[in-house]
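Have a look at the structure below before the remarks.
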Amino acid sequence: MDFAFTSEQEMLRSGIDRLLAKTYDFDARQASVASPEGRNLPVWTQLTEMGVLQLAFSEGDGGLGGAPSDMVALGEIFGKYLMAEPYLDYMLLGAQAYRLGGVAHSPIWHDVLSGTTRIALAHEEAYGVGDVSVMATTFDGHTLSGEKRLVLGGDAADRFVVSARQGNRQMLLNVAARAPGVSMTPYQTIDGRQASNVQFNRVTVAETDILAEDCAAQLEEVLNLARLYLAAEAVGAVKVLVEASAEYAATRKQFGKPIGSFQAVAHRLADMKIAAVKLEAQLLATTALADRQQATPRDIALLKAQAGRLGQQVGESAIQVHGGIGMTDELSIGHYFKRLVAIDAMLGNSNYQLRRVGQLT
Amino acid sequence: MGAEVDLEAFRAEVCDFLDTAPTPQIREAGRKTTSVFAPFEAALAWQKILDDKGWAAPNWPVEYGGTGWSLQQRFIFNQEHDRRGLPPLLPNGLKMIGPLLIDMGTDAQKAKFLPRIRSGEDYWTQGYSEPNSGSDLASLSTFAARDGDDYVINGQKIWTTLAFKSNRMFLLVRTRKEGKKQAGITFLLLERTDYPGMDIRPIKGLDGRPEMCEVFFKDVRVPVSGRVGAEHDGWSVAKALLKYERGGTTASPGMQAKLELIRAAARAAPSPFGGALADDESFQRDVAELEAEIAACAAYERVLISKHPLSTDPAAPSIAKILSSELTQKVCLMATKVAGISGLAMQTEALTVGSNTAPLTTDFDLTAMPSYLLARATTIYAGSNEIQRDLVARTMITQR
């Protein structure tokens, strides 16, 4: 990838763009988010049929490619449409973490790739992503105890991959959602995703359900791919906000002229655009590195920090440009803003990422 | 020195009352307040308790039930009130229409409305903005045609906060289409919000809950006796009201209280780097920066109630609005960073006062995100900060 998507990736993007424009516009998205399941089954089925679920996996693992740029190509379109379907939840977090246990002999892998078995990653704890040394969820070789928060897709998951600490070793455990000792509180997030806080109270884990041990580095790779994807979602959302704000400033009139003709508003728009191009450039540069297996944890941390900070700033500015109407639930602007706020908070916010950069020096 | 002793005695009396008078429901409402508008019923219940004590309207003249407190005493009261996280009293009656009627209302209007504003029996919604008249308020077009002893109103208002819970409304209407736009506006009091032809629709905000509304008027007939000031002279009435809205408010004690909540939450929050978040030096630096900004804002608010020349600077109201709104946003943002992923859950049920649904984690995590989202409005309403900066600049440039 030379800062441009391949023709295959462009084809996929335009195909998904067309599909979502038709079936997942803002009103349809809001309706599905407000439904009892919080999900849109027809869209998920169509994405499945297009092979989107297999996209993140190598051919050796039964997938369709698995290049990081594939995730970025997809993520940006999903960001553009505020996708609330559980792609990140099950395919990028759950399945990717499960894959670390080896899938050649897994009886369920085929079902995972086809979306019929849903695996959620139970990793984040109280206030964000931590190093394994501070992880409060523990495994003693037989039983698992602790609480995980913001388990994306946890509400409808069949299984969890649970990250836990055994001594000072990072473990990944395969736990059935209905196993004795598992309880959860499902909720919707501010950006329309479905999540759960999940409690594991002395849950028995068989030896065969230990997916990986001492796997901090591998888990970090999974999280970093998801962070790259989230940065792409942020770019998609930011671009919508920049365009919508410019459009609004050009048409909304006060004092007899478009508000964009007032320098205070015009300069804010310019700053939004500058933030957007910075973020997109950094995303593309990091993606190019990732495709060559040269993106370091430091590169990803820098990108995620920028996506969180710049995304949130653009979101705040979009509200300010829109004024009162931007504060309403009815307009999409506030929902893009909330998506960007959530992207910052997930998988380590910008403060966390910048501290990580300091540590990685 | 004698005055200082009195103030300390006064402070002790205030503290004693504020520590004992609020009911558990009122304290809960304070913890669940996520914007300048505290939970409605509890805020009015608190106002009633304060009114029974004679303290509901410190900014009113004594003859109308004010307290007779000095500006310093009022500052102390606000400080001790907000420091305790008690729900702020709803502003429209006590700080807006009440003072206006005291200055400009007819005797009949004062007798009829003021006691019930003070006690909280009535609540007034403000009908100013329209879909096409926000920052450019004077361009408003909701029209009131004179018909004998009535006005007949047609048009639409928006951002009428809490209209669906209010039983009265004050609004600006156009009574003359010709001439300068400011010179054809009239200020009206509506005794009811359920006149035939009035339609109130709540608007959900970023937090997913209704606080704002839009109000539609179709041939709504209201008595001329509800007019404040002369016909076509409503703009000067509105400008007079603005000074009550802007004056005498103190934002810094509430922000200081919030900063303490942030520090307390951070002491209980594990840092992803080990230990508590409160021990993290980069967190300490960020909070200290906020503390410095709040200290400056608090100092400025104290200067504004003194006789120092800064208090009469024509730019002062705009500067105070810019300072408090933007700092409120920063404090709210910091709270969301401390709540972290636990702030991402939508918890509409748990936010309701008296709800049986407990917060997923803590009250702090529950309110951090809605407070942050709703605080985005503070730089938009009551004259956007872009407009305020224009006003500040204008005072600087025309003074030369």
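By order in the structure tokens, chains are A, B, ...; within a chain, residues start at 1; ligands start at 1, following the order shown.
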Please provide as number ranges by chain all residues within 6 Å of Thr142 of chain B, with the sequence filter that same-chain residues fewer than 5 positions apart are discarded (counting only C-alpha atoms). B: 154-155, 173-174
Compile the residues of chain A that lie within 7 Å of chain B, evaluated using only C-alpha atoms, and express the compilation as a ChimeraX atom specification. /A:127-131,134,150,187-190,254-255,264,320,323-324,327-329,334,342,345-346
Can you tell me, as a ChimeraX atom specification, which residues in segment 28-268 of chain B count as alpha helix (DSSP H) by DSSP? /B:28-31,40-53,71-83,91,98-104,107-119,234-246,252-268
Considering only C-alpha atoms, return as a PyMOL selection string whatever protein or nucleic-acid residues lie within 10 Å of segment 307-314 of chain B, sequence-local ones (same chain, fewer than 2 positions apart) excluded. chain B and resi 300-305+316-319+391-392+394-396
Restricting the calculation to only C-alpha atoms, which member of A:Ser58, A:Ala237, A:Thr251, A:Asn351 is positioned closest to Val314 of chain A?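 Result for the nearest residue to Val314 of chain A: A:Ala237.
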So how far away is atom CA of Ser324 of chain B from atom CA of Ser252 of chain B, in Å?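 Interatomic distance, atom CA of Ser252 of chain B to atom CA of Ser324 of chain B: 7.4 Å.
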Rounded to one decimal place, report the atom CA of Gly75 of chain A-atom CA of Leu230 of chain A distance in Å.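 For atom CA of Gly75 of chain A relative to atom CA of Leu230 of chain A, the distance reads 6.9 Å.
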Going by DSSP on the backbone, which residues of segment 177-345 of chain B come out as strand (DSSP E or B)? List them as a VMD selection string. chain B and resid 185 to 190 198 to 205 210 to 223 227 to 228 233 270 276 345
Nearby residues (only C-alpha atoms) at most 9 Å from segment 189-199 of chain B, same-chain spacing under 2 positions excluded, as a ChimeraX atom specification: /B:124-125,154,163-164,166-171,187,201,214-223,225-228
Can you tell me, as JSON, numbers by chain, what residues are no more than 12 Å from Leu50 of chain B when counting only C-alpha atoms, ignoring any on the same chain fewer than 2 positions away? {"B": [14, 17, 18, 20, 21, 22, 23, 26, 43, 44, 45, 46, 47, 48, 52, 53, 54, 55, 56, 57, 58, 65, 66, 67, 77, 81, 88, 89, 118, 119, 120]}
Within 6 Å of segment 194-197 of chain A using only C-alpha atoms, minus same-chain residues under 4 positions, as an MDAnalysis selection string: chainID A and resid 148:155 184:188
Would you list the contacts of segment 70-72 of chain B as a list in words, taking every protein, DNA or RNA residue within 12 Å and counting only C-alpha atoms, but skipping same-chain residues closer than 6 positions in sequence?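 Here the answer would be Ala3, Glu4, Asp6, Leu7, Glu8, Phe10, Arg11, Pro58, Asn59, Trp60, Pro61, Val62, Asn78, Gln79, Gly247, Gly248, Thr249, Thr250, Glu301, Arg302, Val303, Leu304, Ile305, Ser306 and Lys307 of chain B.
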Suppose you want the space between atom CA of Leu162 of chain B and atom CA of Asn92 of chain B; what is it in Å?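 Interatomic distance here is 10.1 Å.
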Which residue of A:Asp2, A:Glu124, A:Asp299, A:Asp140 approaches Leu93 of chain A most closely, using only C-alpha atoms: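 Answer, going by the shortest atom-to-atom distance: A:Glu124.
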Restricting the calculation to only C-alpha atoms, which member of A:Glu37, A:Asp25, A:Glu85, A:Asp158 is positioned closest to Ser332 of chain A?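 Answer, going by the shortest atom-to-atom distance: A:Asp25.
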